[in-house]
$ cat query_27.pdb   # PDB, C-alpha atoms and all ligand atoms
ATOM      1  CA  MET A  99      61.858  72.888-152.765  1.00  0.00           C
ATOM      2  CA  ILE A 100      62.943  72.422-156.384  1.00  0.00           C
ATOM      3  CA  GLY A 101      60.894  70.124-158.560  1.00  0.00           C
ATOM      4  CA  LYS A 102      61.423  68.855-162.084  1.00  0.00           C
ATOM      5  CA  LEU A 103      64.293  69.789-164.337  1.00  0.00           C
ATOM      6  CA  ASN A 104      62.489  72.147-166.727  1.00  0.00           C
ATOM      7  CA  HIS A 105      65.357  72.583-169.184  1.00  0.00           C
ATOM      8  CA  VAL A 106      69.078  72.698-169.742  1.00  0.00           C
ATOM      9  CA  ALA A 107      70.192  75.753-171.713  1.00  0.00           C
ATOM     10  CA  ILE A 108      73.063  75.547-174.183  1.00  0.00           C
ATOM     11  CA  ALA A 109      74.589  78.707-175.645  1.00  0.00           C
ATOM     12  CA  VAL A 110      75.355  78.284-179.342  1.00  0.00           C
ATOM     13  CA  ALA A 111      77.288  80.412-181.816  1.00  0.00           C
ATOM     14  CA  ASP A 112      75.309  79.168-184.850  1.00  0.00           C
ATOM     15  CA  LEU A 113      71.637  78.652-184.047  1.00  0.00           C
ATOM     16  CA  ASP A 114      70.693  77.131-187.416  1.00  0.00           C
ATOM     17  CA  ARG A 115      73.492  74.620-187.170  1.00  0.00           C
ATOM     18  CA  ALA A 116      72.683  73.735-183.557  1.00  0.00           C
ATOM     19  CA  THR A 117      69.000  73.330-184.441  1.00  0.00           C
ATOM     20  CA  ALA A 118      69.944  71.031-187.315  1.00  0.00           C
ATOM     21  CA  VAL A 119      72.178  68.957-185.030  1.00  0.00           C
ATOM     22  CA  TYR A 120      69.312  68.350-182.611  1.00  0.00           C
ATOM     23  CA  ARG A 121      66.641  67.926-185.296  1.00  0.00           C
ATOM     24  CA  ASP A 122      68.516  65.969-187.966  1.00  0.00           C
ATOM     25  CA  THR A 123      71.467  64.271-186.274  1.00  0.00           C
ATOM     26  CA  LEU A 124      69.826  63.539-182.930  1.00  0.00           C
ATOM     27  CA  GLY A 125      66.291  63.183-184.290  1.00  0.00           C
ATOM     28  CA  ALA A 126      64.566  65.436-181.758  1.00  0.00           C
ATOM     29  CA  THR A 127      61.541  67.690-182.116  1.00  0.00           C
ATOM     30  CA  VAL A 128      62.553  71.349-182.202  1.00  0.00           C
ATOM     31  CA  THR A 129      60.494  74.550-182.076  1.00  0.00           C
ATOM     32  CA  ASP A 130      60.840  77.564-184.334  1.00  0.00           C
ATOM     33  CA  ALA A 131      63.298  80.233-183.219  1.00  0.00           C
ATOM     34  CA  THR A 132      61.830  82.942-180.977  1.00  0.00           C
ATOM     35  CA  ASP A 133      63.448  86.328-180.372  1.00  0.00           C
ATOM     36  CA  LEU A 134      63.276  87.603-176.796  1.00  0.00           C
ATOM     37  CA  PRO A 135      64.645  91.153-177.081  1.00  0.00           C
ATOM     38  CA  GLU A 136      64.098  91.924-173.393  1.00  0.00           C
ATOM     39  CA  HIS A 137      66.405  89.010-172.504  1.00  0.00           C
ATOM     40  CA  GLY A 138      68.874  89.600-175.362  1.00  0.00           C
ATOM     41  CA  VAL A 139      68.431  86.070-176.696  1.00  0.00           C
ATOM     42  CA  THR A 140      66.925  84.048-179.507  1.00  0.00           C
ATOM     43  CA  THR A 141      65.761  80.633-178.348  1.00  0.00           C
ATOM     44  CA  VAL A 142      64.927  77.293-179.908  1.00  0.00           C
ATOM     45  CA  PHE A 143      63.508  74.603-177.655  1.00  0.00           C
ATOM     46  CA  VAL A 144      64.320  70.945-178.180  1.00  0.00           C
ATOM     47  CA  GLU A 145      61.433  68.931-176.784  1.00  0.00           C
ATOM     48  CA  LEU A 146      62.448  65.676-175.137  1.00  0.00           C
ATOM     49  CA  PRO A 147      60.102  63.200-173.441  1.00  0.00           C
ATOM     50  CA  ASN A 148      61.235  64.167-169.927  1.00  0.00           C
ATOM     51  CA  THR A 149      62.640  67.698-170.285  1.00  0.00           C
ATOM     52  CA  LYS A 150      63.718  70.335-172.778  1.00  0.00           C
ATOM     53  CA  ILE A 151      66.964  71.703-174.126  1.00  0.00           C
ATOM     54  CA  GLU A 152      66.991  75.471-174.680  1.00  0.00           C
ATOM     55  CA  LEU A 153      69.345  76.561-177.442  1.00  0.00           C
ATOM     56  CA  LEU A 154      70.381  80.153-176.723  1.00  0.00           C
ATOM     57  CA  HIS A 155      71.795  82.557-179.257  1.00  0.00           C
ATOM     58  CA  PRO A 156      72.645  86.261-178.746  1.00  0.00           C
ATOM     59  CA  TYR A 157      70.025  88.783-179.804  1.00  0.00           C
ATOM     60  CA  GLY A 158      70.914  92.467-180.182  1.00  0.00           C
ATOM     61  CA  GLU A 159      73.690  94.426-178.506  1.00  0.00           C
ATOM     62  CA  ASN A 160      75.060  93.559-175.074  1.00  0.00           C
ATOM     63  CA  SER A 161      73.529  90.102-174.989  1.00  0.00           C
ATOM     64  CA  PRO A 162      74.654  88.170-171.914  1.00  0.00           C
ATOM     65  CA  ILE A 163      74.974  85.183-174.250  1.00  0.00           C
ATOM     66  CA  GLN A 164      77.533  87.030-176.382  1.00  0.00           C
ATOM     67  CA  ARG A 165      79.745  87.495-173.329  1.00  0.00           C
ATOM     68  CA  PHE A 166      79.417  83.784-172.584  1.00  0.00           C
ATOM     69  CA  LEU A 167      80.311  82.860-176.182  1.00  0.00           C
ATOM     70  CA  ASP A 168      83.301  85.203-176.115  1.00  0.00           C
ATOM     71  CA  LYS A 169      84.680  83.047-173.318  1.00  0.00           C
ATOM     72  CA  ASN A 170      83.386  79.730-174.698  1.00  0.00           C
ATOM     73  CA  ASN A 171      83.845  79.880-178.454  1.00  0.00           C
ATOM     74  CA  ASP A 172      82.270  76.499-179.144  1.00  0.00           C
ATOM     75  CA  GLY A 173      79.271  77.268-176.945  1.00  0.00           C
ATOM     76  CA  GLY A 174      78.413  75.200-173.916  1.00  0.00           C
ATOM     77  CA  ILE A 175      75.991  74.592-171.104  1.00  0.00           C
ATOM     78  CA  HIS A 176      74.806  77.995-169.885  1.00  0.00           C
ATOM     79  CA  HIS A 177      72.271  77.195-167.159  1.00  0.00           C
ATOM     80  CA  VAL A 178      69.907  74.603-165.745  1.00  0.00           C
ATOM     81  CA  CYS A 179      66.303  75.417-164.908  1.00  0.00           C
ATOM     82  CA  TYR A 180      64.414  73.840-162.031  1.00  0.00           C
ATOM     83  CA  GLU A 181      60.705  74.184-161.432  1.00  0.00           C
ATOM     84  CA  VAL A 182      59.300  75.637-158.219  1.00  0.00           C
ATOM     85  CA  ASP A 183      55.693  75.949-157.082  1.00  0.00           C
ATOM     86  CA  ASP A 184      55.988  79.515-155.797  1.00  0.00           C
ATOM     87  CA  ILE A 185      58.858  81.682-156.921  1.00  0.00           C
ATOM     88  CA  HIS A 186      58.352  84.290-154.195  1.00  0.00           C
ATOM     89  CA  ILE A 187      58.493  81.687-151.426  1.00  0.00           C
ATOM     90  CA  ALA A 188      61.539  80.057-153.058  1.00  0.00           C
ATOM     91  CA  SER A 189      63.263  83.403-153.465  1.00  0.00           C
ATOM     92  CA  ALA A 190      62.619  84.475-149.854  1.00  0.00           C
ATOM     93  CA  ARG A 191      63.956  81.166-148.546  1.00  0.00           C
ATOM     94  CA  LEU A 192      67.111  81.367-150.674  1.00  0.00           C
ATOM     95  CA  VAL A 193      67.840  84.974-149.754  1.00  0.00           C
ATOM     96  CA  ALA A 194      67.365  84.117-146.066  1.00  0.00           C
ATOM     97  CA  ASP A 195      69.942  81.357-146.628  1.00  0.00           C
ATOM     98  CA  GLY A 196      72.415  83.878-148.062  1.00  0.00           C
ATOM     99  CA  ALA A 197      72.040  82.996-151.747  1.00  0.00           C
ATOM    100  CA  ARG A 198      72.359  85.785-154.289  1.00  0.00           C
ATOM    101  CA  ILE A 199      69.719  86.421-156.930  1.00  0.00           C
ATOM    102  CA  LEU A 200      70.972  88.069-160.122  1.00  0.00           C
ATOM    103  CA  GLY A 201      69.682  91.410-161.381  1.00  0.00           C
ATOM    104  CA  ASP A 202      67.317  93.372-159.169  1.00  0.00           C
ATOM    105  CA  GLY A 203      66.355  90.215-157.296  1.00  0.00           C
ATOM    106  CA  LYS A 204      62.799  90.199-158.594  1.00  0.00           C
ATOM    107  CA  PRO A 205      61.278  87.515-160.823  1.00  0.00           C
ATOM    108  CA  LYS A 206      60.962  88.344-164.518  1.00  0.00           C
ATOM    109  CA  ILE A 207      58.820  86.767-167.200  1.00  0.00           C
ATOM    110  CA  GLY A 208      60.947  84.132-168.905  1.00  0.00           C
ATOM    111  CA  ALA A 209      60.965  82.304-172.213  1.00  0.00           C
ATOM    112  CA  HIS A 210      57.758  80.383-171.423  1.00  0.00           C
ATOM    113  CA  GLY A 211      55.786  83.397-170.220  1.00  0.00           C
ATOM    114  CA  LYS A 212      56.238  82.299-166.599  1.00  0.00           C
ATOM    115  CA  PRO A 213      58.083  84.014-163.726  1.00  0.00           C
ATOM    116  CA  VAL A 214      61.768  83.143-163.513  1.00  0.00           C
ATOM    117  CA  LEU A 215      64.834  84.242-161.616  1.00  0.00           C
ATOM    118  CA  PHE A 216      68.509  83.394-161.804  1.00  0.00           C
ATOM    119  CA  LEU A 217      70.771  82.418-158.915  1.00  0.00           C
ATOM    120  CA  HIS A 218      74.446  83.296-158.667  1.00  0.00           C
ATOM    121  CA  PRO A 219      76.668  80.446-159.950  1.00  0.00           C
ATOM    122  CA  LYS A 220      79.128  80.905-157.087  1.00  0.00           C
ATOM    123  CA  ASP A 221      76.395  79.928-154.621  1.00  0.00           C
ATOM    124  CA  PHE A 222      75.332  76.836-156.610  1.00  0.00           C
ATOM    125  CA  CYS A 223      78.337  74.678-157.429  1.00  0.00           C
ATOM    126  CA  GLY A 224      79.560  76.880-160.272  1.00  0.00           C
ATOM    127  CA  THR A 225      76.327  76.535-162.235  1.00  0.00           C
ATOM    128  CA  LEU A 226      73.952  79.303-163.214  1.00  0.00           C
ATOM    129  CA  VAL A 227      70.549  78.163-161.927  1.00  0.00           C
ATOM    130  CA  GLU A 228      67.211  79.411-163.230  1.00  0.00           C
ATOM    131  CA  LEU A 229      64.086  78.853-161.168  1.00  0.00           C
ATOM    132  CA  GLU A 230      60.766  78.852-162.992  1.00  0.00           C
ATOM    133  CA  GLN A 231      57.376  78.944-161.356  1.00  0.00           C
ATOM    134  CA  VAL A 232      55.124  76.396-163.056  1.00  0.00           C
TER     135      VAL A 232
HETATM  136 CO    CO A 301      66.329  79.040-169.358  1.00  0.00          CO
END
$ encode --input "query_27.pdb" --output "structure tokens"
Amino acid sequence: MIGKLNHVAIAVADLDRATAVYRDTLGATVTDATDLPEHGVTTVFVELPNTKIELLHPYGENSPIQRFLDKNNDGGIHHVCYEVDDIHIASARLVADGARILGDGKPKIGAHGKPVLFLHPKDFCGTLVELEQV
């Protein structure tokens, strides 16, 4: 059901510093920072030949990323995102299997303007999983 690894998201406490690490130290191509108020995050994408790294920084009050950083002061891997052809079919199959979808269970428009949903880490090997319809 899942296809390509779309991105790995890393929560960072200092977005400028993290961007510089990927751009200058690791020599990768990085995008400009984009604020996504509805998700409570600011993102920078690191574009790699075979996938992307999403640098996530808290935006506004009550950002879910702030709670993550409170527990992981140095930042860390926050989620992995796999591509699916049809998010509604994927979602129905997972729910039928007993998996839990976060939030109201309905896909939302994610950082790339495409429908996404998040799956409960306890159902997926302790890892927050994002599915993105491509
Ligand atoms: Co993501």
$ closest_residue --input "query_27.pdb" --among "A:Thr127, A:Arg121, A:Ile100, A:Asp168" --to "Ser189 in chain A" --atoms "only C-alpha atoms"
A:Ile100
$ residues_around --input "query_27.pdb" --residues "Glu145 in chain A" --least-positions-apart "2" --cutoff "10 Å" --atoms "all atoms listed in the file" --output "VMD selection string"
chain A and resid 105 120 126 to 129 142 to 143 147 to 152
$ closest_residue --input "query_27.pdb" --among "A:Ile187, A:Cys179, A:Cys223, A:Leu153" --to "ligand CO 301 (chain A)" --atoms "all atoms listed in the file"
A:Cys179
$ resolve_selection --input "query_27.pdb" --expression "the PyMOL selection byres (((not hetatm)) within 8 of (chain A and resi 301))" --output "PyMOL selection string"
chain A and resi 105-107+152+177-179+208-209+228
$ resolve_selection --input "query_27.pdb" --expression "the PyMOL selection byres (((chain A and resi 213-219) around 6) and not hetatm)" --output "PyMOL selection string"
chain A and resi 198-200+205-208+212+220-222+224-231
$ resolve_selection --input "query_27.pdb" --expression "the PyMOL selection byres (((chain A and resi 113) around 10) and not hetatm)" --output "ChimeraX atom specification"
/A:109-112,114-119,131,140-142,153-156
$ decode --input "query_27.pdb" --residues "range 106-120 of chain A" --atoms "all heavy atoms" --output "PDB file, in the first residue's frame"
ATOM      1  N   VAL A 106      11.498  12.603   5.645  1.00  0.00           N
ATOM      2  CA  VAL A 106      11.710  12.383   7.066  1.00  0.00           C
ATOM      3  C   VAL A 106      11.684  13.761   7.711  1.00  0.00           C
ATOM      4  O   VAL A 106      12.354  14.681   7.221  1.00  0.00           O
ATOM      5  CB  VAL A 106      13.076  11.702   7.339  1.00  0.00           C
ATOM      6  CG1 VAL A 106      13.345  11.598   8.835  1.00  0.00           C
ATOM      7  CG2 VAL A 106      13.133  10.331   6.669  1.00  0.00           C
ATOM      8  N   ALA A 107      10.889  13.931   8.754  1.00  0.00           N
ATOM      9  CA  ALA A 107      10.779  15.231   9.408  1.00  0.00           C
ATOM     10  C   ALA A 107      11.608  15.250  10.681  1.00  0.00           C
ATOM     11  O   ALA A 107      11.544  14.320  11.489  1.00  0.00           O
ATOM     12  CB  ALA A 107       9.325  15.540   9.733  1.00  0.00           C
ATOM     13  N   ILE A 108      12.372  16.316  10.847  1.00  0.00           N
ATOM     14  CA  ILE A 108      13.223  16.495  12.020  1.00  0.00           C
ATOM     15  C   ILE A 108      12.800  17.785  12.711  1.00  0.00           C
ATOM     16  O   ILE A 108      12.787  18.852  12.089  1.00  0.00           O
ATOM     17  CB  ILE A 108      14.712  16.563  11.615  1.00  0.00           C
ATOM     18  CG1 ILE A 108      15.123  15.269  10.900  1.00  0.00           C
ATOM     19  CG2 ILE A 108      15.588  16.821  12.836  1.00  0.00           C
ATOM     20  CD1 ILE A 108      16.544  15.277  10.379  1.00  0.00           C
ATOM     21  N   ALA A 109      12.411  17.680  13.970  1.00  0.00           N
ATOM     22  CA  ALA A 109      12.072  18.862  14.761  1.00  0.00           C
ATOM     23  C   ALA A 109      13.369  19.523  15.208  1.00  0.00           C
ATOM     24  O   ALA A 109      14.296  18.845  15.657  1.00  0.00           O
ATOM     25  CB  ALA A 109      11.237  18.467  15.968  1.00  0.00           C
ATOM     26  N   VAL A 110      13.430  20.848  15.061  1.00  0.00           N
ATOM     27  CA  VAL A 110      14.651  21.577  15.409  1.00  0.00           C
ATOM     28  C   VAL A 110      14.307  22.779  16.279  1.00  0.00           C
ATOM     29  O   VAL A 110      13.285  23.441  16.085  1.00  0.00           O
ATOM     30  CB  VAL A 110      15.422  22.029  14.148  1.00  0.00           C
ATOM     31  CG1 VAL A 110      15.817  20.819  13.303  1.00  0.00           C
ATOM     32  CG2 VAL A 110      14.641  23.019  13.304  1.00  0.00           C
ATOM     33  N   ALA A 111      15.196  23.063  17.228  1.00  0.00           N
ATOM     34  CA  ALA A 111      14.981  24.198  18.131  1.00  0.00           C
ATOM     35  C   ALA A 111      15.412  25.505  17.465  1.00  0.00           C
ATOM     36  O   ALA A 111      14.869  26.568  17.759  1.00  0.00           O
ATOM     37  CB  ALA A 111      15.747  23.978  19.425  1.00  0.00           C
ATOM     38  N   ASP A 112      16.402  25.445  16.582  1.00  0.00           N
ATOM     39  CA  ASP A 112      16.928  26.643  15.918  1.00  0.00           C
ATOM     40  C   ASP A 112      16.896  26.382  14.413  1.00  0.00           C
ATOM     41  O   ASP A 112      17.751  25.670  13.871  1.00  0.00           O
ATOM     42  CB  ASP A 112      18.360  26.903  16.417  1.00  0.00           C
ATOM     43  CG  ASP A 112      18.945  28.193  15.842  1.00  0.00           C
ATOM     44  OD1 ASP A 112      18.508  28.630  14.750  1.00  0.00           O
ATOM     45  OD2 ASP A 112      19.853  28.753  16.486  1.00  0.00           O
ATOM     46  N   LEU A 113      15.891  26.945  13.757  1.00  0.00           N
ATOM     47  CA  LEU A 113      15.679  26.635  12.336  1.00  0.00           C
ATOM     48  C   LEU A 113      16.799  27.187  11.461  1.00  0.00           C
ATOM     49  O   LEU A 113      17.228  26.521  10.508  1.00  0.00           O
ATOM     50  CB  LEU A 113      14.317  27.184  11.884  1.00  0.00           C
ATOM     51  CG  LEU A 113      13.853  26.773  10.489  1.00  0.00           C
ATOM     52  CD1 LEU A 113      13.797  25.263  10.316  1.00  0.00           C
ATOM     53  CD2 LEU A 113      12.487  27.400  10.188  1.00  0.00           C
ATOM     54  N   ASP A 114      17.285  28.395  11.772  1.00  0.00           N
ATOM     55  CA  ASP A 114      18.365  28.971  10.963  1.00  0.00           C
ATOM     56  C   ASP A 114      19.631  28.111  11.053  1.00  0.00           C
ATOM     57  O   ASP A 114      20.307  27.866  10.060  1.00  0.00           O
ATOM     58  CB  ASP A 114      18.687  30.399  11.432  1.00  0.00           C
ATOM     59  CG  ASP A 114      17.579  31.372  11.064  1.00  0.00           C
ATOM     60  OD1 ASP A 114      16.792  31.067  10.141  1.00  0.00           O
ATOM     61  OD2 ASP A 114      17.492  32.436  11.702  1.00  0.00           O
ATOM     62  N   ARG A 115      19.897  27.661  12.268  1.00  0.00           N
ATOM     63  CA  ARG A 115      21.100  26.860  12.466  1.00  0.00           C
ATOM     64  C   ARG A 115      20.968  25.509  11.745  1.00  0.00           C
ATOM     65  O   ARG A 115      21.888  25.042  11.075  1.00  0.00           O
ATOM     66  CB  ARG A 115      21.320  26.666  13.972  1.00  0.00           C
ATOM     67  CG  ARG A 115      22.624  26.015  14.281  1.00  0.00           C
ATOM     68  CD  ARG A 115      23.092  26.339  15.699  1.00  0.00           C
ATOM     69  NE  ARG A 115      24.152  25.389  16.017  1.00  0.00           N
ATOM     70  CZ  ARG A 115      24.029  24.436  16.918  1.00  0.00           C
ATOM     71  NH1 ARG A 115      22.935  24.329  17.637  1.00  0.00           N
ATOM     72  NH2 ARG A 115      25.012  23.593  17.114  1.00  0.00           N
ATOM     73  N   ALA A 116      19.789  24.902  11.877  1.00  0.00           N
ATOM     74  CA  ALA A 116      19.564  23.599  11.242  1.00  0.00           C
ATOM     75  C   ALA A 116      19.643  23.735   9.716  1.00  0.00           C
ATOM     76  O   ALA A 116      20.214  22.880   9.033  1.00  0.00           O
ATOM     77  CB  ALA A 116      18.202  23.043  11.654  1.00  0.00           C
ATOM     78  N   THR A 117      19.085  24.829   9.199  1.00  0.00           N
ATOM     79  CA  THR A 117      19.138  25.064   7.753  1.00  0.00           C
ATOM     80  C   THR A 117      20.590  25.218   7.305  1.00  0.00           C
ATOM     81  O   THR A 117      20.996  24.659   6.278  1.00  0.00           O
ATOM     82  CB  THR A 117      18.324  26.327   7.396  1.00  0.00           C
ATOM     83  OG1 THR A 117      16.974  26.144   7.836  1.00  0.00           O
ATOM     84  CG2 THR A 117      18.340  26.582   5.899  1.00  0.00           C
ATOM     85  N   ALA A 118      21.365  25.946   8.097  1.00  0.00           N
ATOM     86  CA  ALA A 118      22.782  26.140   7.760  1.00  0.00           C
ATOM     87  C   ALA A 118      23.548  24.823   7.810  1.00  0.00           C
ATOM     88  O   ALA A 118      24.429  24.579   6.978  1.00  0.00           O
ATOM     89  CB  ALA A 118      23.403  27.165   8.712  1.00  0.00           C
ATOM     90  N   VAL A 119      23.225  23.966   8.767  1.00  0.00           N
ATOM     91  CA  VAL A 119      23.891  22.666   8.861  1.00  0.00           C
ATOM     92  C   VAL A 119      23.659  21.873   7.575  1.00  0.00           C
ATOM     93  O   VAL A 119      24.596  21.332   6.984  1.00  0.00           O
ATOM     94  CB  VAL A 119      23.400  21.870  10.090  1.00  0.00           C
ATOM     95  CG1 VAL A 119      23.794  20.398   9.983  1.00  0.00           C
ATOM     96  CG2 VAL A 119      23.952  22.480  11.375  1.00  0.00           C
ATOM     97  N   TYR A 120      22.405  21.829   7.126  1.00  0.00           N
ATOM     98  CA  TYR A 120      22.106  21.054   5.920  1.00  0.00           C
ATOM     99  C   TYR A 120      22.660  21.720   4.659  1.00  0.00           C
ATOM    100  O   TYR A 120      23.167  21.053   3.764  1.00  0.00           O
ATOM    101  CB  TYR A 120      20.594  20.783   5.809  1.00  0.00           C
ATOM    102  CG  TYR A 120      20.232  19.516   6.541  1.00  0.00           C
ATOM    103  CD1 TYR A 120      19.909  19.548   7.887  1.00  0.00           C
ATOM    104  CD2 TYR A 120      20.312  18.280   5.916  1.00  0.00           C
ATOM    105  CE1 TYR A 120      19.636  18.381   8.586  1.00  0.00           C
ATOM    106  CE2 TYR A 120      20.040  17.107   6.599  1.00  0.00           C
ATOM    107  CZ  TYR A 120      19.700  17.163   7.928  1.00  0.00           C
ATOM    108  OH  TYR A 120      19.447  16.008   8.605  1.00  0.00           O
TER     109      TYR A 120
END
